[in-house]
Amino acid sequence: MPVSSTPATLLPATIRPRTILIVEDDEVLGQVLARVLTFDGRIALHVRTVAEALQQMQAGRPQLVLVDAGLRDGRGLKLAETIRSTEARVPVILLTTHRLEKSDLPSRGERLVTKSIDLPELRRTIDAALRESALVESEAT
């Protein structure tokens, strides 16, 4: 079964790819996620630290952020809170090895994907978050 039925090279020129920032300190997993999302027609930027993530957020607003909840240089949950407080319209999906309770989540209910990552589940979660974000953005204009 192919990873995606619409590889980036087959996307119509009128469709603007969505930029996804991946904040994952595991280099291999981060690169795999970036390649899968790029193949799906997205622009994927992989960074490994909170500092790099904050730099990327300042450099240009991604349409979605995937955050490892257990980053080595700072808590991923704190990064998610920071992103949501400064860029309220940017959806954040937390990647976690542990099952989190709703009380553990930042105040604005980020979505969760549990590692080891099920790619179809990740794609559905990303697509749903982007659709929801587009609806919120269109209602605001």
# chains A, B, ... in the order shown; residues from 1 in each chain; ligands from 1
$ residues_around --residues "stretch 111-126 of chain A" --least-positions-apart "6" --cutoff "7 Å" --atoms "only C-alpha atoms" --output "VMD selection string"
chain A and resid 92 to 98
$ residues_around --residues "A:Thr19" --least-positions-apart "6" --cutoff "8 Å" --atoms "only C-alpha atoms" --output "list in words"
Arg42, Ile43, Ala44, Leu45, Pro62, Gln63 and Leu64 of chain A
$ closest_residue --among "A:Leu66, A:Val28, A:Ile83, A:Ala34" --to "A:Ala129" --atoms "only C-alpha atoms"
A:Leu66
$ residues_around --residues "A:Asp25" --least-positions-apart "2" --cutoff "12 Å" --atoms "only C-alpha atoms" --output "list in words"
Ile22, Val23, Glu27, Val28, Leu29, Gly30, Gln31, His46, Val47, Arg48, Thr49, Val50, Ala51, Glu52, Ala53, Leu66, Val67, Asp68, Ala69, Gly70, Leu71, Arg72, Asp73, Gly74, Arg75, Gly76 and Leu95 of chain A
$ write_last_selection --atoms "C-alpha atoms" --output "mmCIF file, in the first residue's frame"
data_model
loop_
_atom_site.group_PDB
_atom_site.id
_atom_site.type_symbol
_atom_site.label_atom_id
_atom_site.label_comp_id
_atom_site.auth_asym_id
_atom_site.auth_seq_id
_atom_site.Cartn_x
_atom_site.Cartn_y
_atom_site.Cartn_z
ATOM 1 C CA ILE A 22 8.151 18.942 13.574
ATOM 2 C CA VAL A 23 9.784 19.369 16.993
ATOM 3 C CA GLU A 27 16.781 12.593 14.747
ATOM 4 C CA VAL A 28 15.685 9.412 12.971
ATOM 5 C CA LEU A 29 12.006 9.760 13.876
ATOM 6 C CA GLY A 30 12.047 13.467 13.007
ATOM 7 C CA GLN A 31 13.548 12.793 9.584
ATOM 8 C CA HIS A 46 12.287 19.304 11.438
ATOM 9 C CA VAL A 47 13.983 20.831 14.490
ATOM 10 C CA ARG A 48 15.314 19.100 17.597
ATOM 11 C CA THR A 49 15.122 21.699 20.381
ATOM 12 C CA VAL A 50 12.730 24.176 21.953
ATOM 13 C CA ALA A 51 15.078 27.034 20.991
ATOM 14 C CA GLU A 52 15.090 25.949 17.321
ATOM 15 C CA ALA A 53 11.303 25.608 17.380
ATOM 16 C CA LEU A 66 4.000 18.450 15.863
ATOM 17 C CA VAL A 67 5.694 18.521 19.281
ATOM 18 C CA ASP A 68 7.405 15.686 21.135
ATOM 19 C CA ALA A 69 5.889 15.995 24.616
ATOM 20 C CA GLY A 70 9.154 14.811 26.219
ATOM 21 C CA LEU A 71 11.861 16.968 24.644
ATOM 22 C CA ARG A 72 15.276 16.740 26.322
ATOM 23 C CA ASP A 73 15.958 20.494 26.462
ATOM 24 C CA GLY A 74 12.568 21.505 27.799
ATOM 25 C CA ARG A 75 9.120 20.138 28.278
ATOM 26 C CA GLY A 76 7.158 19.743 25.079
ATOM 27 C CA LEU A 95 3.628 13.170 20.188
#
$ closest_residue --among "A:Leu79, A:Val90, A:Val65, A:Leu21" --to "A:Ala134" --atoms "only C-alpha atoms"
A:Val90
$ select_by_dssp --residues "stretch 29-120 of chain A" --states "alpha helix (DSSP H)" --output "ChimeraX atom specification"
/A:29-39,50-59,76-86,119-120
$ closest_residue --among "A:Ile20, A:Glu81, A:Arg61, A:Glu87" --to "A:Asp40" --atoms "only C-alpha atoms"
A:Ile20
$ atom_distance --atom1 "atom CA of A:Gln58" --atom2 "atom CA of A:Thr82"
12.2 Å
$ atom_distance --atom1 "atom CA of A:Leu130" --atom2 "atom CA of A:Lys78"
21.7 Å
$ select_by_dssp --residues "stretch 38-123 of chain A" --states "strand (DSSP E or B)" --output "list in words"
Ile43, Ala44, Leu45, His46, Val47, Leu64, Val65, Leu66, Val67, Asp68, Val92, Ile93, Leu94, Leu95, Thr96, Arg111, Leu112, Val113 and Thr114 of chain A
$ write_last_selection --atoms "C-alpha atoms" --output "PDB file, in the first residue's frame"
ATOM      1  CA  ILE A  43       6.394  21.284   3.599  1.00  0.00           C
ATOM      2  CA  ALA A  44       7.978  19.694   6.675  1.00  0.00           C
ATOM      3  CA  LEU A  45      10.573  21.450   8.814  1.00  0.00           C
ATOM      4  CA  HIS A  46      12.287  19.304  11.438  1.00  0.00           C
ATOM      5  CA  VAL A  47      13.983  20.831  14.490  1.00  0.00           C
ATOM      6  CA  LEU A  64       0.602  23.103  12.195  1.00  0.00           C
ATOM      7  CA  VAL A  65       3.189  22.023  14.791  1.00  0.00           C
ATOM      8  CA  LEU A  66       4.000  18.450  15.863  1.00  0.00           C
ATOM      9  CA  VAL A  67       5.694  18.521  19.281  1.00  0.00           C
ATOM     10  CA  ASP A  68       7.405  15.686  21.135  1.00  0.00           C
ATOM     11  CA  VAL A  92      -0.492  21.715  17.922  1.00  0.00           C
ATOM     12  CA  ILE A  93      -0.316  17.919  17.953  1.00  0.00           C
ATOM     13  CA  LEU A  94       1.599  16.319  20.817  1.00  0.00           C
ATOM     14  CA  LEU A  95       3.628  13.170  20.188  1.00  0.00           C
ATOM     15  CA  THR A  96       3.979  11.123  23.348  1.00  0.00           C
ATOM     16  CA  ARG A 111      -4.439  16.668  19.948  1.00  0.00           C
ATOM     17  CA  LEU A 112      -2.377  13.619  20.901  1.00  0.00           C
ATOM     18  CA  VAL A 113      -0.672  10.907  18.862  1.00  0.00           C
ATOM     19  CA  THR A 114       0.967   8.114  20.833  1.00  0.00           C
TER      20      THR A 114
END
$ atom_distance --atom1 "atom CA of A:Gln56" --atom2 "atom CA of A:Ala128"
23.1 Å
$ decode --residues "stretch 36-73 of chain A" --atoms "N, CA and C atoms" --output "PDB file, in the first residue's frame"
ATOM      1  N   VAL A  36       7.831  11.555   5.254  1.00  0.00           N
ATOM      2  CA  VAL A  36       6.459  11.097   5.023  1.00  0.00           C
ATOM      3  C   VAL A  36       5.562  12.293   4.724  1.00  0.00           C
ATOM      4  N   LEU A  37       5.676  13.344   5.510  1.00  0.00           N
ATOM      5  CA  LEU A  37       4.814  14.512   5.314  1.00  0.00           C
ATOM      6  C   LEU A  37       5.153  15.241   4.016  1.00  0.00           C
ATOM      7  N   THR A  38       6.413  15.267   3.642  1.00  0.00           N
ATOM      8  CA  THR A  38       6.812  15.868   2.364  1.00  0.00           C
ATOM      9  C   THR A  38       6.240  15.058   1.208  1.00  0.00           C
ATOM     10  N   PHE A  39       6.312  13.749   1.315  1.00  0.00           N
ATOM     11  CA  PHE A  39       5.742  12.879   0.292  1.00  0.00           C
ATOM     12  C   PHE A  39       4.237  13.113   0.160  1.00  0.00           C
ATOM     13  N   ASP A  40       3.594  13.455   1.282  1.00  0.00           N
ATOM     14  CA  ASP A  40       2.155  13.729   1.291  1.00  0.00           C
ATOM     15  C   ASP A  40       1.822  15.112   0.729  1.00  0.00           C
ATOM     16  N   GLY A  41       2.836  15.865   0.285  1.00  0.00           N
ATOM     17  CA  GLY A  41       2.578  17.169  -0.300  1.00  0.00           C
ATOM     18  C   GLY A  41       2.670  18.330   0.665  1.00  0.00           C
ATOM     19  N   ARG A  42       3.197  18.077   1.844  1.00  0.00           N
ATOM     20  CA  ARG A  42       3.364  19.128   2.836  1.00  0.00           C
ATOM     21  C   ARG A  42       4.806  19.631   2.806  1.00  0.00           C
ATOM     22  N   ILE A  43       5.037  20.797   3.366  1.00  0.00           N
ATOM     23  CA  ILE A  43       6.394  21.284   3.599  1.00  0.00           C
ATOM     24  C   ILE A  43       6.680  20.972   5.061  1.00  0.00           C
ATOM     25  N   ALA A  44       7.675  20.133   5.313  1.00  0.00           N
ATOM     26  CA  ALA A  44       7.978  19.694   6.675  1.00  0.00           C
ATOM     27  C   ALA A  44       9.331  20.237   7.101  1.00  0.00           C
ATOM     28  N   LEU A  45       9.344  20.925   8.231  1.00  0.00           N
ATOM     29  CA  LEU A  45      10.573  21.450   8.814  1.00  0.00           C
ATOM     30  C   LEU A  45      10.826  20.720  10.119  1.00  0.00           C
ATOM     31  N   HIS A  46      11.968  20.056  10.229  1.00  0.00           N
ATOM     32  CA  HIS A  46      12.287  19.304  11.438  1.00  0.00           C
ATOM     33  C   HIS A  46      13.327  20.056  12.261  1.00  0.00           C
ATOM     34  N   VAL A  47      13.021  20.269  13.542  1.00  0.00           N
ATOM     35  CA  VAL A  47      13.983  20.831  14.490  1.00  0.00           C
ATOM     36  C   VAL A  47      14.029  19.915  15.701  1.00  0.00           C
ATOM     37  N   ARG A  48      15.122  20.033  16.481  1.00  0.00           N
ATOM     38  CA  ARG A  48      15.314  19.100  17.597  1.00  0.00           C
ATOM     39  C   ARG A  48      15.167  19.724  18.970  1.00  0.00           C
ATOM     40  N   THR A  49      15.145  21.061  19.066  1.00  0.00           N
ATOM     41  CA  THR A  49      15.122  21.699  20.381  1.00  0.00           C
ATOM     42  C   THR A  49      14.018  22.755  20.476  1.00  0.00           C
ATOM     43  N   VAL A  50      13.700  23.115  21.704  1.00  0.00           N
ATOM     44  CA  VAL A  50      12.730  24.176  21.953  1.00  0.00           C
ATOM     45  C   VAL A  50      13.234  25.486  21.346  1.00  0.00           C
ATOM     46  N   ALA A  51      14.517  25.790  21.523  1.00  0.00           N
ATOM     47  CA  ALA A  51      15.078  27.034  20.991  1.00  0.00           C
ATOM     48  C   ALA A  51      14.930  27.092  19.472  1.00  0.00           C
ATOM     49  N   GLU A  52      15.233  25.987  18.784  1.00  0.00           N
ATOM     50  CA  GLU A  52      15.090  25.949  17.321  1.00  0.00           C
ATOM     51  C   GLU A  52      13.623  26.103  16.911  1.00  0.00           C
ATOM     52  N   ALA A  53      12.736  25.501  17.679  1.00  0.00           N
ATOM     53  CA  ALA A  53      11.303  25.608  17.380  1.00  0.00           C
ATOM     54  C   ALA A  53      10.838  27.055  17.499  1.00  0.00           C
ATOM     55  N   LEU A  54      11.260  27.722  18.558  1.00  0.00           N
ATOM     56  CA  LEU A  54      10.856  29.117  18.745  1.00  0.00           C
ATOM     57  C   LEU A  54      11.425  30.008  17.643  1.00  0.00           C
ATOM     58  N   GLN A  55      12.654  29.720  17.187  1.00  0.00           N
ATOM     59  CA  GLN A  55      13.240  30.460  16.064  1.00  0.00           C
ATOM     60  C   GLN A  55      12.404  30.260  14.809  1.00  0.00           C
ATOM     61  N   GLN A  56      12.010  29.031  14.517  1.00  0.00           N
ATOM     62  CA  GLN A  56      11.202  28.748  13.333  1.00  0.00           C
ATOM     63  C   GLN A  56       9.835  29.421  13.421  1.00  0.00           C
ATOM     64  N   MET A  57       9.263  29.473  14.616  1.00  0.00           N
ATOM     65  CA  MET A  57       7.968  30.135  14.794  1.00  0.00           C
ATOM     66  C   MET A  57       8.093  31.622  14.490  1.00  0.00           C
ATOM     67  N   GLN A  58       9.211  32.238  14.880  1.00  0.00           N
ATOM     68  CA  GLN A  58       9.427  33.659  14.604  1.00  0.00           C
ATOM     69  C   GLN A  58       9.734  33.903  13.129  1.00  0.00           C
ATOM     70  N   ALA A  59      10.424  32.962  12.483  1.00  0.00           N
ATOM     71  CA  ALA A  59      10.832  33.119  11.086  1.00  0.00           C
ATOM     72  C   ALA A  59       9.639  33.037  10.127  1.00  0.00           C
ATOM     73  N   GLY A  60       8.658  32.258  10.463  1.00  0.00           N
ATOM     74  CA  GLY A  60       7.490  32.095   9.602  1.00  0.00           C
ATOM     75  C   GLY A  60       6.502  31.170  10.246  1.00  0.00           C
ATOM     76  N   ARG A  61       5.250  31.530  10.205  1.00  0.00           N
ATOM     77  CA  ARG A  61       4.229  30.761  10.901  1.00  0.00           C
ATOM     78  C   ARG A  61       3.861  29.486  10.148  1.00  0.00           C
ATOM     79  N   PRO A  62       4.127  28.326  10.738  1.00  0.00           N
ATOM     80  CA  PRO A  62       3.669  27.079  10.115  1.00  0.00           C
ATOM     81  C   PRO A  62       2.153  26.961  10.284  1.00  0.00           C
ATOM     82  N   GLN A  63       1.541  26.105   9.501  1.00  0.00           N
ATOM     83  CA  GLN A  63       0.098  25.886   9.636  1.00  0.00           C
ATOM     84  C   GLN A  63      -0.218  24.867  10.727  1.00  0.00           C
ATOM     85  N   LEU A  64       0.804  24.112  11.163  1.00  0.00           N
ATOM     86  CA  LEU A  64       0.602  23.103  12.195  1.00  0.00           C
ATOM     87  C   LEU A  64       1.961  22.764  12.808  1.00  0.00           C
ATOM     88  N   VAL A  65       1.947  22.405  14.105  1.00  0.00           N
ATOM     89  CA  VAL A  65       3.189  22.023  14.791  1.00  0.00           C
ATOM     90  C   VAL A  65       2.991  20.658  15.449  1.00  0.00           C
ATOM     91  N   LEU A  66       3.923  19.737  15.167  1.00  0.00           N
ATOM     92  CA  LEU A  66       4.000  18.450  15.863  1.00  0.00           C
ATOM     93  C   LEU A  66       5.073  18.596  16.934  1.00  0.00           C
ATOM     94  N   VAL A  67       4.745  18.330  18.182  1.00  0.00           N
ATOM     95  CA  VAL A  67       5.694  18.521  19.281  1.00  0.00           C
ATOM     96  C   VAL A  67       5.854  17.239  20.072  1.00  0.00           C
ATOM     97  N   ASP A  68       7.094  16.789  20.237  1.00  0.00           N
ATOM     98  CA  ASP A  68       7.405  15.686  21.135  1.00  0.00           C
ATOM     99  C   ASP A  68       7.152  16.183  22.558  1.00  0.00           C
ATOM    100  N   ALA A  69       6.246  15.536  23.271  1.00  0.00           N
ATOM    101  CA  ALA A  69       5.889  15.995  24.616  1.00  0.00           C
ATOM    102  C   ALA A  69       7.046  15.869  25.603  1.00  0.00           C
ATOM    103  N   GLY A  70       8.052  15.037  25.295  1.00  0.00           N
ATOM    104  CA  GLY A  70       9.154  14.811  26.219  1.00  0.00           C
ATOM    105  C   GLY A  70      10.496  15.256  25.673  1.00  0.00           C
ATOM    106  N   LEU A  71      10.584  16.480  25.178  1.00  0.00           N
ATOM    107  CA  LEU A  71      11.861  16.968  24.644  1.00  0.00           C
ATOM    108  C   LEU A  71      12.929  17.018  25.731  1.00  0.00           C
ATOM    109  N   ARG A  72      14.168  16.767  25.350  1.00  0.00           N
ATOM    110  CA  ARG A  72      15.276  16.740  26.322  1.00  0.00           C
ATOM    111  C   ARG A  72      15.635  18.124  26.861  1.00  0.00           C
ATOM    112  N   ASP A  73      15.520  19.169  26.017  1.00  0.00           N
ATOM    113  CA  ASP A  73      15.958  20.494  26.462  1.00  0.00           C
ATOM    114  C   ASP A  73      14.835  21.337  27.060  1.00  0.00           C
TER     115      ASP A  73
END
